[in-house]
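Q: Sharing target-v7.pdb (PDB, C-alpha atoms) below.
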MODEL        1
ATOM      1  CA  MET A   1      53.548  25.508 -10.506
ATOM      2  CA  ASP A   2      53.880  27.739  -7.494
ATOM      3  CA  ILE A   3      52.768  25.802  -4.407
ATOM      4  CA  SER A   4      51.358  28.997  -2.883
ATOM      5  CA  GLU A   5      48.736  29.067  -5.649
ATOM      6  CA  LYS A   6      47.287  25.776  -4.480
ATOM      7  CA  GLN A   7      47.606  26.417  -0.751
ATOM      8  CA  PRO A   8      47.228  30.125  -0.042
ATOM      9  CA  GLU A   9      47.866  31.419   3.474
ATOM     10  CA  THR A  10      48.289  28.042   5.122
ATOM     11  CA  GLY A  11      50.693  29.409   7.726
ATOM     12  CA  GLY A  12      52.996  26.449   7.337
ATOM     13  CA  ILE A  13      50.113  23.961   7.688
ATOM     14  CA  ALA A  14      49.867  20.985   5.349
ATOM     15  CA  ALA A  15      46.399  22.046   4.225
ATOM     16  CA  ASP A  16      45.748  19.085   1.915
ATOM     17  CA  ARG A  17      46.664  16.633   4.628
ATOM     18  CA  LEU A  18      44.472  18.454   7.142
ATOM     19  CA  ARG A  19      41.566  18.574   4.698
ATOM     20  CA  SER A  20      41.891  14.840   4.048
ATOM     21  CA  LEU A  21      41.873  14.070   7.786
ATOM     22  CA  VAL A  22      38.840  16.295   8.371
ATOM     23  CA  ASP A  23      36.977  14.696   5.451
ATOM     24  CA  ARG A  24      37.634  11.204   6.725
ATOM     25  CA  ILE A  25      36.589  12.067  10.276
ATOM     26  CA  GLU A  26      33.404  13.744   9.083
ATOM     27  CA  ARG A  27      32.507  10.849   6.805
ATOM     28  CA  LEU A  28      32.918   8.341   9.634
ATOM     29  CA  GLU A  29      30.982  10.568  12.035
ATOM     30  CA  GLU A  30      28.125  10.699   9.548
ATOM     31  CA  GLU A  31      28.116   6.917   9.288
ATOM     32  CA  ARG A  32      28.119   6.739  13.063
ATOM     33  CA  LYS A  33      25.213   9.146  13.252
ATOM     34  CA  ALA A  34      23.293   7.074  10.693
ATOM     35  CA  LEU A  35      23.880   3.972  12.804
ATOM     36  CA  GLY A  36      22.594   5.852  15.834
ATOM     37  CA  ASN A  37      19.422   6.650  13.913
ATOM     38  CA  ASP A  38      19.085   3.005  12.859
ATOM     39  CA  ILE A  39      19.370   1.971  16.497
ATOM     40  CA  LYS A  40      16.748   4.549  17.467
ATOM     41  CA  ASP A  41      14.470   3.107  14.769
ATOM     42  CA  ILE A  42      14.783  -0.376  16.233
ATOM     43  CA  TYR A  43      13.844   0.924  19.676
ATOM     44  CA  GLY A  44      10.835   2.541  18.016
ATOM     45  CA  GLU A  45       9.994  -0.773  16.399
ATOM     46  CA  ALA A  46      10.319  -2.490  19.781
ATOM     47  CA  LYS A  47       7.987   0.056  21.319
ATOM     48  CA  SER A  48       5.428  -0.543  18.564
ATOM     49  CA  ALA A  49       5.696  -4.252  19.264
ATOM     50  CA  GLY A  50       4.719  -3.564  22.869
ATOM     51  CA  PHE A  51       8.122  -3.746  24.547
ATOM     52  CA  ASP A  52       9.104  -1.223  27.225
ATOM     53  CA  VAL A  53      11.996   0.760  25.749
ATOM     54  CA  LYS A  54      13.485   1.720  29.112
ATOM     55  CA  VAL A  55      13.642  -1.908  30.221
ATOM     56  CA  LEU A  56      15.028  -2.919  26.822
ATOM     57  CA  ARG A  57      17.816  -0.333  27.155
ATOM     58  CA  GLN A  58      18.614  -1.653  30.611
ATOM     59  CA  LEU A  59      18.684  -5.207  29.254
ATOM     60  CA  ILE A  60      21.190  -4.178  26.574
ATOM     61  CA  ARG A  61      23.330  -2.434  29.204
ATOM     62  CA  MET A  62      23.264  -5.513  31.439
ATOM     63  CA  ARG A  63      24.287  -7.781  28.577
ATOM     64  CA  LYS A  64      27.193  -5.471  27.721
ATOM     65  CA  GLN A  65      28.233  -5.373  31.375
ATOM     66  CA  GLU A  66      28.055  -9.147  31.673
ATOM     67  CA  ALA A  67      30.078  -9.617  28.500
ATOM     68  CA  ALA A  68      32.756  -7.269  29.895
ATOM     69  CA  GLU A  69      32.790  -9.122  33.225
ATOM     70  CA  ILE A  70      33.091 -12.507  31.556
ATOM     71  CA  GLU A  71      35.970 -11.237  29.435
ATOM     72  CA  GLU A  72      37.675  -9.790  32.494
ATOM     73  CA  GLN A  73      37.324 -13.051  34.407
ATOM     74  CA  GLU A  74      38.666 -15.012  31.469
ATOM     75  CA  THR A  75      41.673 -12.718  31.295
ATOM     76  CA  LEU A  76      42.310 -13.193  35.022
ATOM     77  CA  LEU A  77      41.788 -16.945  34.792
ATOM     78  CA  ASP A  78      44.325 -17.072  31.982
ATOM     79  CA  LEU A  79      46.766 -15.037  34.088
ATOM     80  CA  TYR A  80      46.330 -17.275  37.139
ATOM     81  CA  ARG A  81      46.719 -20.409  35.049
ATOM     82  CA  ARG A  82      49.946 -19.147  33.546
ATOM     83  CA  ALA A  83      51.167 -18.157  37.026
ATOM     84  CA  LEU A  84      50.668 -21.774  38.089
ATOM     85  CA  GLY A  85      52.184 -23.089  34.851
ATOM     86  CA  MET A  86      48.889 -24.724  33.868
TER      87      MET A  86
ATOM     88  CA  MET B  87       5.488 -29.331  18.918
ATOM     89  CA  ASP B  88       4.791 -27.755  22.255
ATOM     90  CA  ILE B  89       5.609 -24.036  22.050
ATOM     91  CA  SER B  90       6.764 -24.080  25.670
ATOM     92  CA  GLU B  91       9.664 -26.308  24.648
ATOM     93  CA  LYS B  92      11.010 -23.577  22.385
ATOM     94  CA  GLN B  93      10.200 -20.663  24.662
ATOM     95  CA  PRO B  94      10.279 -21.796  28.282
ATOM     96  CA  GLU B  95       9.099 -19.389  30.976
ATOM     97  CA  THR B  96       8.641 -16.372  28.749
ATOM     98  CA  GLY B  97       5.886 -14.947  30.942
ATOM     99  CA  GLY B  98       3.845 -13.970  27.943
ATOM    100  CA  ILE B  99       6.771 -12.268  26.214
ATOM    101  CA  ALA B 100       7.417 -12.848  22.513
ATOM    102  CA  ALA B 101      10.918 -14.138  23.227
ATOM    103  CA  ASP B 102      11.948 -14.681  19.604
ATOM    104  CA  ARG B 103      10.902 -11.176  18.668
ATOM    105  CA  LEU B 104      12.761  -9.747  21.673
ATOM    106  CA  ARG B 105      15.867 -11.759  20.880
ATOM    107  CA  SER B 106      15.818 -10.526  17.286
ATOM    108  CA  LEU B 107      15.511  -6.891  18.410
ATOM    109  CA  VAL B 108      18.347  -7.289  20.916
ATOM    110  CA  ASP B 109      20.560  -8.945  18.292
ATOM    111  CA  ARG B 110      19.979  -6.157  15.792
ATOM    112  CA  ILE B 111      20.640  -3.432  18.364
ATOM    113  CA  GLU B 112      23.817  -5.107  19.562
ATOM    114  CA  ARG B 113      25.071  -5.622  16.011
ATOM    115  CA  LEU B 114      24.548  -1.949  15.153
ATOM    116  CA  GLU B 115      26.116  -0.843  18.440
ATOM    117  CA  GLU B 116      29.187  -2.911  17.624
ATOM    118  CA  GLU B 117      29.434  -1.295  14.203
ATOM    119  CA  ARG B 118      29.071   2.080  15.864
ATOM    120  CA  LYS B 119      31.802   1.235  18.329
ATOM    121  CA  ALA B 120      34.074   0.130  15.472
ATOM    122  CA  LEU B 121      33.467   3.452  13.725
ATOM    123  CA  GLY B 122      34.343   5.246  16.950
ATOM    124  CA  ASN B 123      37.629   3.344  17.015
ATOM    125  CA  ASP B 124      38.282   4.229  13.371
ATOM    126  CA  ILE B 125      37.719   7.899  14.203
ATOM    127  CA  LYS B 126      40.074   7.609  17.159
ATOM    128  CA  ASP B 127      42.677   6.093  14.825
ATOM    129  CA  ILE B 128      42.419   9.056  12.468
ATOM    130  CA  TYR B 129      42.954  11.464  15.352
ATOM    131  CA  GLY B 130      46.015   9.400  16.255
ATOM    132  CA  GLU B 131      47.193   9.644  12.665
ATOM    133  CA  ALA B 132      46.640  13.414  12.771
ATOM    134  CA  LYS B 133      48.689  13.650  15.941
ATOM    135  CA  SER B 134      51.515  11.679  14.355
ATOM    136  CA  ALA B 135      51.390  14.087  11.423
ATOM    137  CA  GLY B 136      51.974  16.948  13.868
ATOM    138  CA  PHE B 137      48.439  18.311  14.194
ATOM    139  CA  ASP B 138      47.070  19.354  17.578
ATOM    140  CA  VAL B 139      44.228  16.926  18.306
ATOM    141  CA  LYS B 140      42.370  19.316  20.625
ATOM    142  CA  VAL B 141      42.314  22.037  17.984
ATOM    143  CA  LEU B 142      41.325  19.509  15.334
ATOM    144  CA  ARG B 143      38.372  18.380  17.481
ATOM    145  CA  GLN B 144      37.325  21.981  17.920
ATOM    146  CA  LEU B 145      37.580  22.533  14.165
ATOM    147  CA  ILE B 146      35.293  19.559  13.518
ATOM    148  CA  ARG B 147      32.820  20.869  16.109
ATOM    149  CA  MET B 148      32.838  24.331  14.500
ATOM    150  CA  ARG B 149      32.216  22.889  11.043
ATOM    151  CA  LYS B 150      29.293  20.847  12.375
ATOM    152  CA  GLN B 151      27.903  23.920  14.132
ATOM    153  CA  GLU B 152      28.256  26.025  10.993
ATOM    154  CA  ALA B 153      26.592  23.359   8.873
ATOM    155  CA  ALA B 154      23.673  23.285  11.329
ATOM    156  CA  GLU B 155      23.401  27.087  11.290
ATOM    157  CA  ILE B 156      23.439  27.237   7.501
ATOM    158  CA  GLU B 157      20.737  24.570   7.356
ATOM    159  CA  GLU B 158      18.639  26.465   9.901
ATOM    160  CA  GLN B 159      18.979  29.712   7.975
ATOM    161  CA  GLU B 160      18.045  27.988   4.729
ATOM    162  CA  THR B 161      14.931  26.558   6.388
ATOM    163  CA  LEU B 162      13.967  30.005   7.663
ATOM    164  CA  LEU B 163      14.697  31.613   4.292
ATOM    165  CA  ASP B 164      12.472  29.045   2.633
ATOM    166  CA  LEU B 165       9.714  29.759   5.175
ATOM    167  CA  TYR B 166       9.963  33.530   4.702
ATOM    168  CA  ARG B 167       9.946  33.164   0.901
ATOM    169  CA  ARG B 168       6.837  31.020   1.013
ATOM    170  CA  ALA B 169       5.213  33.511   3.397
ATOM    171  CA  LEU B 170       5.780  36.199   0.752
ATOM    172  CA  GLY B 171       4.664  33.887  -2.040
ATOM    173  CA  MET B 172       8.127  33.988  -3.626
TER     174      MET B 172
ENDMDL
END
Could you rewrite the structure in this file as structure tokens?
A:
Amino acid sequence: MDISEKQPETGGIAADRLRSLVDRIERLEEERKALGNDIKDIYGEAKSAGFDVKVLRQLIRMRKQEAAEIEEQETLLDLYRRALGM
Amino acid sequence: MDISEKQPETGGIAADRLRSLVDRIERLEEERKALGNDIKDIYGEAKSAGFDVKVLRQLIRMRKQEAAEIEEQETLLDLYRRALGM
């Protein structure tokens, strides 16, 4: 079978490969969007339960920040300990 | 059992409910982050395969835009048809 029948005017581009990459990216982006909607729903649920959404968002941010700081300090501690042969 | 033992100093906040909401949000945000990493990996794979990542990103954006436009036009078409009793 002539390859040009399956991939007309691709200009030297591996069209099937490109299509596969695009499909995979779009599928994952849709999943990510769905997760974003799920998260939004939970904030809505929190609001219904009487929690202040703005404060809740800040709380989540602070927890993320603290987790990052703890990880950073642990990495440094590990580095210092190895420097001292501990 | 004294409730204050389980939820000390909650200042009238339903701490268990709050904790559950925070847990669910953080779990979903982690999944979302993992998806973001998966997407990044595919772009890396595309780059290795010789595709220009910037152009690929633009392509994905254009497809999303076109999908949104088609959906908008279909909504309008539906509205117009109903207005004419079609």
Q: Can you list, as a PyMOL selection string, the residues that the PyMOL selection byres ((chain A) within 6 of (chain B)) selects here?
A: chain A and resi 25+32+39
Q: Quick one, how far is CA of Glu74 (chain A) from CA of Arg105 (chain B)?
A: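 Those two atoms sit 25.3 Å apart.
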Q: Report, in Å with one decimal, the straight-line distance from CA of Ser106 (chain B) to CA of Glu66 (chain A).
A: 18.9 Å
